[in-house]
file input12.txt (compact mmCIF, C-alpha atoms)
# COMPACT_ATOMS: atom_id res chain seq x y z
CA MET A 1 8.06 -11.60 -1.87
CA HIS A 2 9.91 -10.35 1.15
CA VAL A 3 12.18 -7.32 1.24
CA GLY A 4 15.54 -7.39 2.92
CA HIS A 5 18.65 -6.92 0.79
CA THR A 6 21.46 -4.74 2.10
CA SER A 7 24.82 -3.83 0.70
CA HIS A 8 26.46 -4.63 4.07
CA CYS A 9 25.50 -8.30 4.34
CA SER A 10 25.26 -10.98 1.75
CA GLY A 11 22.27 -13.25 1.96
CA THR A 12 18.69 -13.77 1.01
CA LEU A 13 15.32 -13.94 2.63
CA GLU A 14 13.57 -17.27 2.58
CA GLY A 15 10.16 -17.63 4.17
CA GLY A 16 10.64 -14.47 6.18
CA LEU A 17 13.92 -15.57 7.77
CA TRP A 18 17.14 -13.65 7.22
CA LEU A 19 19.84 -15.96 5.92
CA GLY A 20 23.23 -14.44 5.37
CA THR A 21 26.87 -14.17 6.23
CA ALA A 22 27.92 -11.32 8.47
CA GLN A 23 30.53 -8.97 7.12
CA GLY A 24 31.66 -6.79 9.99
CA SER A 25 29.56 -6.57 13.12
CA ARG A 26 26.16 -5.84 11.57
CA THR A 27 23.23 -7.78 12.96
CA PRO A 28 20.49 -9.20 10.74
CA PRO A 29 17.41 -7.01 10.38
CA GLY A 30 14.28 -7.68 12.42
CA PRO A 31 11.00 -8.96 10.96
CA GLN A 32 10.44 -7.95 7.34
CA CYS A 33 7.31 -6.42 5.82
CA ASN A 34 5.53 -8.38 3.11
CA LEU A 35 2.89 -6.43 1.19
CA GLN A 36 1.29 -9.50 -0.39
CA GLY A 37 -2.00 -10.51 1.21
CA LEU A 38 -5.36 -9.23 2.42
CA TRP A 39 -5.58 -5.92 4.29
CA ARG A 40 -8.36 -3.91 5.99
CA ASN A 41 -8.35 -0.24 6.99
CA GLU A 42 -10.06 1.53 9.89
CA LEU A 43 -13.17 2.23 7.76
CA GLY A 44 -13.66 -1.43 6.82
CA SER A 45 -12.32 -1.19 3.26
CA ASN A 46 -10.57 -4.35 2.05
CA MET A 47 -7.55 -4.55 -0.21
CA THR A 48 -5.83 -7.54 -1.81
CA LEU A 49 -2.20 -7.12 -2.87
CA LEU A 50 -0.73 -9.75 -5.17
CA ALA A 51 2.90 -10.87 -5.32
CA LEU A 52 5.57 -8.36 -6.28
CA ASP A 53 7.62 -8.91 -9.40
CA ALA A 54 11.42 -8.51 -9.54
CA ALA A 55 11.07 -4.77 -10.25
CA GLY A 56 8.92 -4.27 -7.14
CA THR A 57 5.66 -3.66 -8.97
CA PHE A 58 2.41 -5.25 -7.87
CA SER A 59 -1.29 -5.31 -8.64
CA GLY A 60 -4.40 -6.15 -6.72
CA SER A 61 -7.93 -5.08 -5.95
CA TYR A 62 -9.65 -2.65 -3.60
CA HIS A 63 -13.18 -2.87 -2.20
CA THR A 64 -14.03 0.38 -0.49
CA ALA A 65 -16.50 0.53 2.38
CA VAL A 66 -17.10 4.26 1.85
CA ALA A 67 -17.72 6.35 -1.26
CA ALA A 68 -19.20 9.74 -2.12
CA THR A 69 -21.56 8.30 -4.71
CA ASN A 70 -24.98 6.75 -5.00
CA ASN A 71 -23.65 4.20 -7.50
CA GLN A 72 -23.21 0.57 -6.53
CA ILE A 73 -19.71 0.11 -5.09
CA LEU A 74 -17.62 -2.30 -7.19
CA VAL A 75 -14.28 -3.95 -6.52
CA SER A 76 -11.67 -1.85 -8.33
CA PRO A 77 -8.19 -2.67 -9.66
CA LEU A 78 -4.99 -1.23 -8.22
CA GLN A 79 -1.43 -0.97 -9.51
CA GLY A 80 1.61 -0.10 -7.41
CA ALA A 81 5.31 -0.15 -6.76
CA LEU A 82 7.44 -0.92 -3.71
CA GLN A 83 10.69 0.90 -3.04
CA HIS A 84 12.47 -2.38 -2.37
CA SER A 85 15.94 -0.94 -1.75
CA SER A 86 15.14 -0.59 1.97
CA SER A 87 17.64 -2.45 4.13
CA LYS A 88 15.53 -1.93 7.26
CA GLY A 89 12.61 -4.11 6.11
CA GLN A 90 10.01 -1.33 6.44
CA PRO A 91 9.79 -0.08 2.85
CA THR A 92 7.83 2.74 1.25
CA PHE A 93 5.34 2.07 -1.55
CA GLY A 94 2.68 3.70 -3.67
CA PHE A 95 -0.35 2.57 -5.65
CA THR A 96 -3.33 3.91 -7.54
CA VAL A 97 -6.90 2.66 -7.50
CA GLN A 98 -8.93 3.06 -10.70
CA TRP A 99 -12.50 3.19 -9.38
CA GLN A 100 -14.94 1.14 -11.47
CA PHE A 101 -18.07 2.90 -10.19
CA ALA A 102 -17.09 6.60 -10.21
CA ASP A 103 -15.24 9.14 -12.37
CA SER A 104 -12.32 9.37 -9.96
CA ILE A 105 -8.92 7.90 -9.17
CA THR A 106 -7.01 7.64 -5.89
CA ALA A 107 -3.26 7.64 -5.31
CA PHE A 108 -1.88 6.17 -2.07
CA ALA A 109 1.65 6.61 -0.69
CA GLY A 110 2.78 4.83 2.42
CA GLN A 111 5.18 2.76 4.42
CA CYS A 112 4.96 -0.77 5.75
CA PHE A 113 5.86 -1.05 9.43
CA VAL A 114 6.42 -4.27 11.32
CA ASP A 115 6.68 -4.49 15.10
CA ARG A 116 8.86 -6.87 17.13
CA ARG A 117 6.04 -9.44 17.23
CA GLY A 118 5.84 -9.40 13.43
CA LYS A 119 2.54 -7.45 13.20
CA GLU A 120 2.47 -5.49 9.94
CA THR A 121 0.78 -2.12 9.48
CA LEU A 122 0.49 -0.06 6.30
CA GLU A 123 0.45 3.68 7.12
CA THR A 124 -0.84 5.55 4.06
CA MET A 125 -1.85 8.98 2.86
CA TRP A 126 -4.20 9.27 -0.12
CA LEU A 127 -5.32 11.82 -2.69
CA ILE A 128 -8.57 11.27 -4.54
CA ARG A 129 -9.34 13.26 -7.68
CA GLU A 130 -12.82 13.24 -9.12
CA GLU A 131 -13.70 14.46 -12.57
CA VAL A 132 -15.33 17.91 -12.62
CA PRO A 133 -17.05 19.62 -15.58
CA THR A 134 -14.74 22.67 -15.85
CA ARG A 135 -11.41 24.02 -14.61
CA ARG A 136 -13.43 26.50 -12.55
CA ASP A 137 -14.64 23.52 -10.48
CA SER A 138 -11.12 22.18 -9.92
CA TRP A 139 -10.99 23.65 -6.40
CA ARG A 140 -13.42 20.99 -5.18
CA ALA A 141 -12.10 18.03 -7.16
CA THR A 142 -9.34 16.74 -4.84
CA ARG A 143 -9.53 15.41 -1.28
CA VAL A 144 -6.74 14.12 0.95
CA GLY A 145 -6.75 11.75 3.89
CA THR A 146 -4.98 8.95 5.72
CA SER A 147 -5.66 5.24 6.11
CA ILE A 148 -4.06 2.62 8.30
CA PHE A 149 -4.27 -0.96 7.03
CA THR A 150 -3.72 -4.11 9.08
CA ARG A 151 -3.25 -7.60 7.72
CA ILE A 152 -6.29 -9.86 7.83
CA LYS A 153 -4.64 -12.77 5.95
call {"tool": "encode", "arguments": {"input": "input12.txt", "output": "structure tokens"}}
result
Amino acid sequence: MHVGHTSHCSGTLEGGLWLGTAQGSRTPPGPQCNLQGLWRNELGSNMTLLALDAAGTFSGSYHTAVAATNNQILVSPLQGALQHSSSKGQPTFGFTVQWQFADSITAFAGQCFVDRRGKETLETMWLIREEVPTRRDSWRATRVGTSIFTRIK
């Protein structure tokens, strides 16, 4: 599903092309981000995002290339939402990954950028929280970082 509805133009997106009738002198937006597909970050982790529903929610899977565990790394499910009210075609989104091999969860927040050639990049910031035995250990339970994803398919 592509994003690209504005209140200033009437029209729809079909196959990534902006189709609409101009009202006033607004020009159609440039290339539109599409979250659906296969993505890889700078550490080699792979993520698959499935099609968005009408509410902007999506699901998928995440296969991390790095983990602070000795357990076998397993593909883990993710759930997210796209803020699809963006008229600029570079929307914000968020998702969580429920790790299947560790007692932790990660929340990502980001924005999809697309350049003039149509290359899409997901700029994200993440928080990972691991389970700790007591509240006294809470100080060491959360880490923060950034990841940049590029489309691989």
call {"tool": "residues_around", "arguments": {"input": "input12.txt", "residues": "Ser76 of chain A", "least_positions_apart": "4", "cutoff": "10 Å", "atoms": "only C-alpha atoms", "output": "VMD selection string"}}
result
chain A and resid 47 60 to 64 97 to 101
call {"tool": "write_last_selection", "arguments": {"input": "input12.txt", "atoms": "C-alpha atoms", "output": "short mmCIF file (atom, residue, chain, number, x, y, z; two decimals), in the coordinates of the input"}}
result
data_model
loop_
_atom_site.label_atom_id
_atom_site.label_comp_id
_atom_site.auth_asym_id
_atom_site.auth_seq_id
_atom_site.Cartn_x
_atom_site.Cartn_y
_atom_site.Cartn_z
CA MET A 47 -7.55 -4.55 -0.21
CA GLY A 60 -4.40 -6.15 -6.72
CA SER A 61 -7.93 -5.08 -5.95
CA TYR A 62 -9.65 -2.65 -3.60
CA HIS A 63 -13.18 -2.87 -2.20
CA THR A 64 -14.03 0.38 -0.49
CA VAL A 97 -6.90 2.66 -7.50
CA GLN A 98 -8.93 3.06 -10.70
CA TRP A 99 -12.50 3.19 -9.38
CA GLN A 100 -14.94 1.14 -11.47
CA PHE A 101 -18.07 2.90 -10.19
#
call {"tool": "atom_distance", "arguments": {"input": "input12.txt", "atom1": "atom CA of Gly110 of chain A", "atom2": "atom CA of Ala141 of chain A"}}
result
22.1 Å
call {"tool": "atom_distance", "arguments": {"input": "input12.txt", "atom1": "atom CA of Ser147 of chain A", "atom2": "atom CA of Glu123 of chain A"}}
result
6.4 Å
call {"tool": "atom_distance", "arguments": {"input": "input12.txt", "atom1": "atom CA of Arg135 of chain A", "atom2": "atom CA of Asn70 of chain A"}}
result
24.0 Å
call {"tool": "closest_residue", "arguments": {"input": "input12.txt", "among": "A:Thr48, A:Gln90, A:Gln36, A:Thr142", "to": "Leu78 of chain A", "atoms": "only C-alpha atoms"}}
result
A:Thr48
call {"tool": "residues_near_point", "arguments": {"input": "input12.txt", "point": "(-0.4, 9.1, 1.2)", "cutoff": "10 Å", "atoms": "all atoms listed in the file", "output": "PyMOL selection string"}}
result
chain A and resi 93-95+106-111+123-127+144-147
